[in-house]
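Report on the following structure.
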Amino acid sequence: MILGPVIFAAVWSLIALLLRHYPETMAGYNTMPKAKREEIDIQKLGRFISNVMWAGIPSVLLSPLMPNEKLYALLLCWIPCGMLVVAGIYVNVCKKKFKK
């Protein structure tokens, strides 16, 4: 029961590290027109999304301690993924923070 969350946390951490070092691989960035790409501070955006992903890892690692399946699923998957959704909404609402 503990192996699943540890593997999930390891993969999630790896994706966060790769996103921090290679933010241009972020979804949708390469398909943007060049003029729009020049407006975005991709390093700052990559760091922000990577930090949000790192913030979700403690809930994944705490999930095996939960007494029932609903709390286990909430901590394992829904909280980290929900944090990414909220971060995506934040990025789209506060676009000025991620412009050059």
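By order of appearance in the structure tokens: chains A, B, ..., then residues from 1 within every chain, and ligands from 1 in the order shown.
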
Check your understanding: If we count only C-alpha atoms, what is near A:Glu39 at a cut-off of 7 Å, once residues fewer than 4 positions away on the same chain are taken out, given as a PyMOL selection string?
Key -> chain A and resi 35+99-100

Check your understanding: Could you pull out the alpha helix (DSSP H) residues of chain A from DSSP and send them as a count of residues only?
Key -> 66

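Proximity ranking of A:Val52, A:Ile57, A:Met66, A:Leu71 relative to A:Val91 places A:Val52 first, based on only C-alpha atoms.
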
Review point. Leaving out A:Tyr22 and any residue of its chain fewer than 6 positions from it, which residues lie within 12 Å of it when counting only C-alpha atoms, given as number ranges by chain?
Key: A: 14-16, 29, 42-47, 49-50

Check your understanding: Residues at most 10 Å from A:Met1, counting only C-alpha atoms, excluding those fewer than 4 positions away in the same chain, as a VMD selection string?
Key -> chain A and resid 5 to 6 63 to 65
